[in-house]
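Quick look at target-v8.txt (compact mmCIF, C-alpha atoms and all ligand atoms):
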```txt
# COMPACT_ATOMS: atom_id res chain seq x y z
CA MET A 1 -2.11 -11.41 12.06
CA SER A 2 1.53 -11.72 11.04
CA ILE A 3 2.34 -13.31 7.67
CA THR A 4 5.61 -15.16 7.16
CA LEU A 5 6.84 -15.15 3.58
CA PRO A 6 9.18 -17.72 2.05
CA THR A 7 12.84 -16.69 2.01
CA PHE A 8 13.58 -14.48 -0.98
CA THR A 9 16.79 -14.24 -2.98
CA PRO A 10 18.89 -11.16 -2.07
CA LEU A 11 17.64 -9.46 -5.26
CA GLU A 12 13.99 -10.08 -4.41
CA ASP A 13 14.69 -9.12 -0.80
CA SER A 14 15.67 -5.61 -1.97
CA LEU A 15 11.92 -4.84 -2.12
CA PHE A 16 11.88 -4.60 1.69
CA LEU A 17 14.27 -1.65 1.60
CA THR A 18 11.95 0.52 -0.51
CA LEU A 19 8.79 -0.80 1.15
CA TYR A 20 10.16 0.03 4.60
CA ALA A 21 11.37 3.45 3.42
CA ARG A 22 7.84 4.32 2.25
CA ALA A 23 6.39 3.02 5.54
CA ARG A 24 8.85 5.12 7.54
CA ASP A 25 7.98 8.14 5.41
CA TYR A 26 4.31 7.52 6.19
CA ARG A 27 5.12 7.63 9.91
CA ARG A 28 6.85 11.04 9.66
CA PRO A 29 4.82 14.08 10.78
CA HIS A 30 4.91 15.50 7.24
CA SER A 31 4.89 12.45 5.00
CA ILE A 32 6.01 13.08 1.41
CA LEU A 33 4.11 10.17 -0.17
CA GLY A 34 1.43 9.28 2.40
CA ASP A 35 1.65 5.56 1.57
CA ALA A 36 -0.59 4.03 4.26
CA ALA A 37 -0.58 0.66 2.47
CA ALA A 38 3.22 0.36 2.78
CA ASP A 39 2.94 0.91 6.53
CA GLN A 40 0.17 -1.66 6.75
CA ILE A 41 2.20 -4.29 4.86
CA VAL A 42 5.27 -3.64 7.05
CA ARG A 43 3.12 -4.18 10.13
CA THR A 44 1.72 -7.42 8.65
CA VAL A 45 4.84 -9.16 7.35
CA ASP A 46 7.04 -11.12 9.72
CA TYR A 47 10.42 -9.63 8.68
CA ASP A 48 13.34 -8.12 10.59
CA PHE A 49 13.14 -4.57 9.17
CA GLY A 50 15.66 -3.35 11.79
CA ARG A 51 18.47 -5.17 9.97
CA LEU A 52 18.03 -2.84 7.00
CA ARG A 53 19.43 0.15 8.96
CA ILE A 54 17.88 2.65 6.59
CA ASP A 55 18.64 6.31 7.16
CA THR A 56 16.58 9.51 6.78
CA ASN A 57 18.18 10.34 3.44
CA LEU A 58 17.07 7.04 1.93
CA ILE A 59 13.55 7.37 3.39
CA LEU A 60 13.11 10.85 1.89
CA ASN A 61 14.55 9.93 -1.50
CA VAL A 62 12.54 6.73 -1.91
CA ALA A 63 9.32 8.53 -0.94
CA LEU A 64 9.93 11.53 -3.18
CA ARG A 65 11.00 9.54 -6.21
CA ALA A 66 7.88 7.35 -5.84
CA LYS A 67 5.79 10.52 -5.73
CA LYS A 68 7.40 11.83 -8.95
CA LEU A 69 6.84 8.51 -10.72
CA ASP A 70 3.23 8.53 -9.50
CA GLN A 71 2.73 12.07 -10.85
CA VAL A 72 3.93 11.09 -14.33
CA ALA A 73 1.78 7.95 -14.35
CA SER A 74 -1.25 9.80 -13.02
CA ASP A 75 -0.97 12.57 -15.66
CA PHE A 76 -0.68 9.93 -18.39
CA LEU A 77 -3.71 7.97 -17.15
CA ALA A 78 -5.78 11.15 -16.95
CA ARG A 79 -5.04 11.76 -20.66
CA HIS A 80 -5.42 8.07 -21.64
CA PRO A 81 -8.23 6.42 -19.66
CA ASP A 82 -8.00 3.41 -22.02
CA ALA A 83 -4.33 2.87 -21.17
CA VAL A 84 -2.33 0.03 -19.76
CA GLY A 85 -0.05 0.68 -16.76
CA ILE A 86 3.01 -1.50 -16.19
CA ASP A 87 5.10 -1.42 -13.00
CA LEU A 88 8.38 -3.28 -13.62
CA GLY A 89 10.02 -4.80 -10.54
CA ALA A 90 6.96 -3.77 -8.54
CA GLY A 91 8.00 -5.57 -5.34
CA LEU A 92 5.29 -5.02 -2.72
CA ASP A 93 4.56 -1.49 -3.89
CA THR A 94 0.88 -0.59 -4.18
CA ARG A 95 1.26 2.11 -6.83
CA ALA A 96 -2.13 1.32 -8.42
CA THR A 97 -3.79 1.92 -5.04
CA ARG A 98 -2.11 5.32 -4.78
CA LEU A 99 -3.02 6.24 -8.36
CA ASP A 100 -6.52 4.76 -8.19
CA PRO A 101 -7.03 4.76 -11.98
CA PRO A 102 -10.49 4.26 -13.50
CA SER A 103 -11.55 0.65 -14.13
CA THR A 104 -10.93 1.21 -17.87
CA VAL A 105 -7.19 1.10 -17.12
CA ASP A 106 -5.52 -2.31 -16.85
CA TRP A 107 -2.60 -2.22 -14.42
CA TYR A 108 0.15 -4.88 -14.47
CA ASP A 109 2.62 -5.38 -11.60
CA VAL A 110 5.59 -7.43 -12.78
CA ASP A 111 8.21 -9.07 -10.55
CA PHE A 112 9.84 -12.46 -10.05
CA PRO A 113 7.34 -15.32 -9.44
CA ALA A 114 8.12 -15.55 -5.69
CA VAL A 115 7.40 -11.84 -5.27
CA ALA A 116 4.26 -12.08 -7.38
CA ALA A 117 3.03 -14.88 -5.11
CA ALA A 118 3.75 -12.74 -2.03
CA ARG A 119 1.83 -9.83 -3.58
CA GLU A 120 -1.16 -12.08 -4.08
CA ARG A 121 -1.08 -13.04 -0.38
CA LEU A 122 -0.61 -9.53 0.96
CA ILE A 123 -2.24 -7.07 -1.42
CA PRO A 124 -5.95 -7.22 -2.25
CA GLN A 125 -6.42 -7.47 -6.03
CA ARG A 126 -7.99 -4.41 -7.63
CA ALA A 127 -10.51 -4.55 -10.47
CA ASN A 128 -8.39 -4.66 -13.66
CA GLY A 129 -5.24 -5.17 -11.62
CA HIS A 130 -2.94 -8.00 -12.75
CA VAL A 131 0.19 -9.56 -11.29
CA ILE A 132 2.76 -11.15 -13.61
CA GLY A 133 5.40 -13.39 -12.06
CA ALA A 134 8.37 -13.18 -14.42
CA ASP A 135 11.94 -12.08 -14.92
CA VAL A 136 11.61 -8.86 -16.92
CA ARG A 137 14.75 -9.79 -18.90
CA GLU A 138 12.81 -12.62 -20.50
CA LYS A 139 10.51 -12.15 -23.46
CA ASP A 140 7.39 -14.23 -22.91
CA TRP A 141 5.79 -12.24 -20.09
CA LEU A 142 4.97 -9.43 -22.50
CA ASP A 143 2.51 -11.79 -24.24
CA GLY A 144 0.19 -11.15 -21.29
CA ILE A 145 0.06 -7.38 -21.96
CA PRO A 146 -2.40 -5.98 -24.54
CA THR A 147 -0.72 -4.64 -27.67
CA GLY A 148 -3.18 -2.07 -29.04
CA ARG A 149 -3.35 0.43 -26.17
CA PRO A 150 -1.10 3.26 -24.98
CA ALA A 151 1.04 2.34 -21.99
CA VAL A 152 2.67 4.07 -19.07
CA ILE A 153 5.67 2.06 -17.92
CA VAL A 154 7.12 2.67 -14.46
CA ALA A 155 10.29 1.18 -12.97
CA ASP A 156 11.00 2.22 -9.38
CA GLY A 157 14.25 0.84 -8.01
CA LEU A 158 14.79 -1.67 -10.84
CA MET A 159 17.33 -0.05 -13.13
CA GLY A 160 20.35 -0.51 -10.85
CA PHE A 161 19.89 -4.29 -10.94
CA LEU A 162 20.08 -4.64 -14.73
CA THR A 163 23.11 -4.42 -16.97
CA GLN A 164 22.96 -1.68 -19.58
CA ASP A 165 22.36 -4.27 -22.33
CA GLU A 166 19.49 -5.80 -20.36
CA LEU A 167 17.92 -2.38 -19.85
CA VAL A 168 18.26 -1.38 -23.52
CA SER A 169 16.74 -4.67 -24.64
CA LEU A 170 13.86 -4.31 -22.12
CA TRP A 171 13.03 -0.76 -23.27
CA ASN A 172 13.19 -1.84 -26.93
CA ARG A 173 10.82 -4.76 -26.40
CA LEU A 174 8.35 -2.54 -24.53
CA VAL A 175 8.48 0.23 -27.15
CA ASP A 176 7.87 -2.37 -29.89
CA HIS A 177 4.98 -3.97 -27.98
CA VAL A 178 2.59 -0.99 -27.65
CA PRO A 179 1.67 1.75 -30.15
CA SER A 180 2.69 4.67 -27.91
CA GLY A 181 3.40 5.52 -24.32
CA GLU A 182 5.67 6.92 -21.68
CA ILE A 183 8.47 5.40 -19.63
CA VAL A 184 9.49 6.79 -16.25
CA PHE A 185 12.15 5.43 -13.92
CA ASN A 186 14.64 6.49 -11.31
CA SER A 187 18.07 6.67 -12.83
CA TYR A 188 21.61 6.81 -11.50
CA THR A 189 24.66 8.70 -12.68
CA ARG A 190 27.99 6.90 -12.50
CA PHE A 191 28.71 8.69 -9.24
CA ALA A 192 25.30 7.75 -7.81
CA ILE A 193 26.04 4.10 -8.64
CA TRP A 194 29.37 4.43 -6.82
CA LEU A 195 27.51 5.90 -3.83
CA ALA A 196 24.87 3.11 -3.90
CA ARG A 197 27.72 0.60 -3.74
CA HIS A 198 29.38 2.34 -0.77
CA ALA A 199 26.68 4.16 1.29
CA PRO A 200 25.67 2.48 4.58
CA GLY A 201 21.91 2.91 3.79
CA THR A 202 22.15 0.72 0.67
CA LYS A 203 24.67 -1.78 2.03
CA THR A 204 22.22 -4.70 1.69
CA VAL A 205 21.99 -4.24 -2.11
CA ALA A 206 25.54 -3.03 -2.86
CA ASP A 207 26.72 -6.34 -4.34
CA LEU A 208 23.63 -6.66 -6.56
CA VAL A 209 24.13 -3.43 -8.51
CA LYS A 210 24.94 -4.14 -12.18
CA PHE A 211 24.12 -0.90 -13.97
CA PRO A 212 27.23 1.20 -14.66
CA GLY A 213 25.38 4.54 -14.32
CA MET A 214 24.22 7.03 -16.92
CA ASP A 215 25.38 10.67 -16.90
CA ASP A 216 23.50 11.89 -19.97
CA PRO A 217 19.67 11.69 -19.74
CA ARG A 218 19.52 11.80 -23.56
CA GLU A 219 21.44 8.52 -23.83
CA PRO A 220 18.23 6.38 -24.11
CA GLU A 221 17.29 8.43 -27.20
CA ARG A 222 20.32 6.80 -28.83
CA TRP A 223 19.23 3.34 -27.63
CA ASN A 224 15.91 3.64 -29.46
CA PRO A 225 15.08 6.49 -31.87
CA ARG A 226 11.42 6.43 -30.79
CA LEU A 227 12.32 7.42 -27.22
CA GLN A 228 12.22 11.15 -26.58
CA LEU A 229 13.24 12.70 -23.28
CA VAL A 230 10.29 14.60 -21.77
CA ARG A 231 11.95 15.71 -18.56
CA GLU A 232 14.85 15.02 -16.26
CA ILE A 233 13.58 15.48 -12.70
CA THR A 234 16.38 16.04 -10.20
CA LEU A 235 14.84 15.68 -6.77
CA SER A 236 16.97 18.46 -5.26
CA ARG A 237 15.05 20.92 -7.45
CA GLU A 238 11.55 19.71 -6.62
CA PRO A 239 9.23 21.76 -4.34
CA GLU A 240 8.76 18.92 -1.81
CA ILE A 241 12.32 19.57 -0.61
CA ALA A 242 10.66 22.31 1.51
CA GLU A 243 9.12 19.51 3.60
CA PHE A 244 12.49 17.81 4.28
CA PRO A 245 14.10 18.15 7.75
CA SER A 246 16.24 21.31 7.92
CA GLY A 247 19.68 19.70 7.37
CA TRP A 248 18.62 17.84 4.22
CA ARG A 249 16.59 20.83 3.03
CA ARG A 250 19.70 23.04 3.21
CA TYR A 251 21.80 20.39 1.45
CA HIS A 252 19.33 20.03 -1.46
CA ARG A 253 18.87 23.79 -1.82
CA LEU A 254 22.61 24.15 -2.23
CA ALA A 255 22.83 21.18 -4.60
CA ALA A 256 19.98 22.60 -6.70
CA HIS A 257 22.26 25.45 -7.84
CA SER A 258 24.40 23.00 -9.80
CA THR A 259 23.10 20.53 -12.40
CA ALA A 260 26.14 18.31 -11.87
CA TRP A 261 25.69 18.30 -8.09
CA SER A 262 21.92 17.78 -8.18
CA ARG A 263 22.47 14.81 -10.52
CA THR A 264 24.58 13.08 -7.87
CA GLY A 265 21.32 12.56 -5.94
CA THR A 266 18.15 10.87 -7.11
CA VAL A 267 17.11 11.56 -10.69
CA VAL A 268 13.83 10.52 -12.32
CA LEU A 269 13.85 10.27 -16.11
CA HIS A 270 10.69 10.57 -18.18
CA TYR A 271 10.45 9.62 -21.89
CA ARG A 272 7.68 9.38 -24.44
CA PHE A 273 7.50 7.21 -27.54
C1 LIG B 1 14.46 -2.16 -4.82
S1 LIG B 1 13.17 -3.23 -5.18
C2 LIG B 1 11.91 -2.09 -5.67
C3 LIG B 1 10.56 -2.68 -5.55
C4 LIG B 1 9.41 -1.71 -5.83
N1 LIG B 1 9.47 -1.14 -7.14
C5 LIG B 1 9.39 -0.62 -4.79
O1 LIG B 1 9.60 0.55 -5.14
O2 LIG B 1 9.17 -0.93 -3.62
C6 LIG B 1 13.63 -3.96 -6.74
C7 LIG B 1 12.61 -4.96 -7.24
O3 LIG B 1 12.98 -5.33 -8.57
C8 LIG B 1 12.75 -6.71 -8.71
N2 LIG B 1 13.59 -7.19 -9.80
C9 LIG B 1 14.94 -7.05 -9.93
N3 LIG B 1 15.36 -7.62 -11.06
C10 LIG B 1 14.25 -8.12 -11.67
C11 LIG B 1 14.04 -8.86 -12.86
N4 LIG B 1 15.06 -9.17 -13.67
N5 LIG B 1 12.78 -9.24 -13.17
C12 LIG B 1 11.74 -8.95 -12.34
N6 LIG B 1 11.88 -8.25 -11.20
C13 LIG B 1 13.12 -7.85 -10.86
C14 LIG B 1 13.12 -7.30 -7.35
O4 LIG B 1 12.55 -8.58 -7.16
C15 LIG B 1 12.53 -6.24 -6.42
O5 LIG B 1 11.20 -6.51 -6.10
```
As structure tokens, the full file:
Amino acid sequence: MSITLPTFTPLEDSLFLTLYARARDYRRPHSILGDAAADQIVRTVDYDFGRLRIDTNLILNVALRAKKLDQVASDFLARHPDAVGIDLGAGLDTRATRLDPPSTVDWYDVDFPAVAAARERLIPQRANGHVIGADVREKDWLDGIPTGRPAVIVADGLMGFLTQDELVSLWNRLVDHVPSGEIVFNSYTRFAIWLARHAPGTKTVADLVKFPGMDDPREPERWNPRLQLVREITLSREPEIAEFPSGWRRYHRLAAHSTAWSRTGTVVLHYRF
């Protein structure tokens, strides 16, 4: 049965780009992420995915960055079975299904109210799974998140749509809200932001990008003294590159020799506090 969703704003609509990329990755012979739920949602929703014109590079990068974010969250939840997980700008991603945390973990997917309503129609609710319909730049939504438990905070594809001030204020509010935790998100250098504004694969979101880019992964440590960089993960240097098609594999292996070059691609930043 096909489900027709209400028309989203262009910002909300950006979720289809990453959802479709994960579905297309799932359909590859050697899927990086293996996200069967993304494929299922794409087959269920009445949406013209062809208009997105996504390319192989975007499919591989979206799948691999999601896998890296999942790995950080999964490691954290294994060490903190009493934790809270928060996915900011979750779109129609089913990260909690991929992670499958124990029922002692409360998982919160946060996105605009229209997206939250779509999630509730399309994605079966897990035990201890919660959907919050809110603009993450506002303050009140955090009232719905427990304060006394460690938290792993994930933001996949959100950062580019916030100004630097909005991002700093969001991280500060989260760090103040819980006693300890980790934050992991995909980041963009200034050059990567330029590319996102000009590459054909991200044409549909080019005008929505507000973040100026960040070249120094230690910069967030200056935004909040409690944030400590754990690791900068440049995808070109990750082992899954071996599963990329030969042309992209060769490109990333070359890029991996240079920190500056590998940072022009997708970077995942991981902090603790
Ligand atoms: C590129 S999509 C990524 C969605 C999802 N994380 C994924 O990987 O498929 C960006 C998401 O961020 C959400 N978003 C952007 N700005 C937001 C804000 N200020 N508050 C809440 N959600 C926001 C959009 O609605 C969209 O779902």
Using only C-alpha atoms and all ligand atoms, tabulate the residues of chain A lying at most 6 Å from any atom of ligand LIG 1 (chain B), each with its closest atom pair and that distance in Å to one decimal, by chain and increasing residue number, as a Markdown table.
```
| residue | atom | partner | partner_atom | distance |
| --- | --- | --- | --- | --- |
| A:Leu11 | CA | B:LIG1 | C14 | 5.4 |
| A:Glu12 | CA | B:LIG1 | O4 | 3.4 |
| A:Ser14 | CA | B:LIG1 | C1 | 4.6 |
| A:Leu15 | CA | B:LIG1 | S1 | 3.7 |
| A:Thr18 | CA | B:LIG1 | O2 | 4.4 |
| A:Leu19 | CA | B:LIG1 | O2 | 4.8 |
| A:Gly89 | CA | B:LIG1 | O3 | 3.6 |
| A:Ala90 | CA | B:LIG1 | N1 | 3.9 |
| A:Gly91 | CA | B:LIG1 | O5 | 3.4 |
| A:Leu92 | CA | B:LIG1 | O2 | 5.7 |
| A:Asp93 | CA | B:LIG1 | O2 | 4.7 |
| A:Asp111 | CA | B:LIG1 | N6 | 3.8 |
| A:Phe112 | CA | B:LIG1 | C12 | 4.6 |
| A:Ala134 | CA | B:LIG1 | C12 | 5.8 |
| A:Asp135 | CA | B:LIG1 | N5 | 3.4 |
| A:Val136 | CA | B:LIG1 | N5 | 3.9 |
| A:Arg137 | CA | B:LIG1 | N4 | 5.3 |
| A:Asp156 | CA | B:LIG1 | N1 | 4.3 |
| A:Gly157 | CA | B:LIG1 | C1 | 4.4 |
| A:Leu158 | CA | B:LIG1 | O3 | 4.7 |
| A:Phe161 | CA | B:LIG1 | N3 | 5.6 |
```
Just to be explicit: take each residue in the selection above, keep C-alpha atoms, and write the result as a CSV table (one decimal), keeping the file's coordinate frame.
```csv
chain,number,residue,atom,x,y,z
A,11,LEU,CA,17.6,-9.5,-5.3
A,12,GLU,CA,14.0,-10.1,-4.4
A,14,SER,CA,15.7,-5.6,-2.0
A,15,LEU,CA,11.9,-4.8,-2.1
A,18,THR,CA,12.0,0.5,-0.5
A,19,LEU,CA,8.8,-0.8,1.2
A,89,GLY,CA,10.0,-4.8,-10.5
A,90,ALA,CA,7.0,-3.8,-8.5
A,91,GLY,CA,8.0,-5.6,-5.3
A,92,LEU,CA,5.3,-5.0,-2.7
A,93,ASP,CA,4.6,-1.5,-3.9
A,111,ASP,CA,8.2,-9.1,-10.6
A,112,PHE,CA,9.8,-12.5,-10.0
A,134,ALA,CA,8.4,-13.2,-14.4
A,135,ASP,CA,11.9,-12.1,-14.9
A,136,VAL,CA,11.6,-8.9,-16.9
A,137,ARG,CA,14.8,-9.8,-18.9
A,156,ASP,CA,11.0,2.2,-9.4
A,157,GLY,CA,14.2,0.8,-8.0
A,158,LEU,CA,14.8,-1.7,-10.8
A,161,PHE,CA,19.9,-4.3,-10.9
```
Restricting the calculation to all atoms listed in the file, which member of A:Val45, A:Ile183, A:Leu33, A:Ala199 is positioned closest to Arg226 of chain A?
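For Arg226 of chain A, the nearest of the given residues is A:Ile183.
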With distances taken over only C-alpha atoms, which of A:Arg119, A:Lys203, A:Arg173, A:Arg51 is nearest to Gly133 of chain A?
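Ranking A:Arg119, A:Lys203, A:Arg173, A:Arg51 by distance to Gly133 of chain A, first place goes to A:Arg119.
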Of the residues A:Ile123, A:Val168, A:Val154, A:Val62, which is the one nearest to Ile3 of chain A, using all atoms listed in the file?
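The answer is A:Ile123, which sits nearest to Ile3 of chain A.
Taking atom CA of Asp82 of chain A as the reference point, atom CA of Tyr108 of chain A is found at 13.9 Å.
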Using only C-alpha atoms, determine which residues lie at most 10 Å from Glu221 of chain A, disregarding the query and same-chain residues fewer than 6 positions distant; provide the list as a list in words.
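Once the nearby chain positions are removed, what remains is Leu227, Gln228, Leu229, Tyr271 and Phe273 of chain A.
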Please determine, counting only C-alpha atoms, which residue among A:Leu162, A:Asp35, A:Pro200, A:Tyr47 has the shortest atom-to-atom distance to Leu99 of chain A.
A:Asp35
Could you check which of A:Ala118, A:Leu170, A:Ile233, A:Leu58 is closest to Val72 of chain A, using all atoms listed in the file?
A:Ile233
May I have the residues within 10 Å of Ser2 of chain A as JSON, numbers by chain, using only C-alpha atoms and disregarding those fewer than 6 positions away in the same chain?
{"A": [41, 42, 43, 44, 45, 46, 47]}
So, counting all atoms listed in the file, which residue among A:Pro225, A:Gly213, A:Gly265, A:Gly34 is closest to Arg237 of chain A?
A:Gly265
May I have the residues within 7 Å of Asp25 of chain A as a PyMOL selection string, using all atoms listed in the file and disregarding those fewer than 5 positions away in the same chain?
chain A and resi 31-32+59-60+63
What does the distance from atom CA of Arg249 of chain A to atom CA of Thr234 of chain A come to in Å, to one decimal?
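These two atoms are separated by 14.1 Å.
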For segment 184-194 of chain A: contacts at 7 Å, only C-alpha atoms, fewer than 6 positions along chain excluded, given as number ranges by chain
A: 65, 69, 153-157, 159, 212-215, 263-271
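The interatomic distance for the pair atom CA of Leu167 of chain A and atom CA of Asp140 of chain A works out to 16.1 Å.
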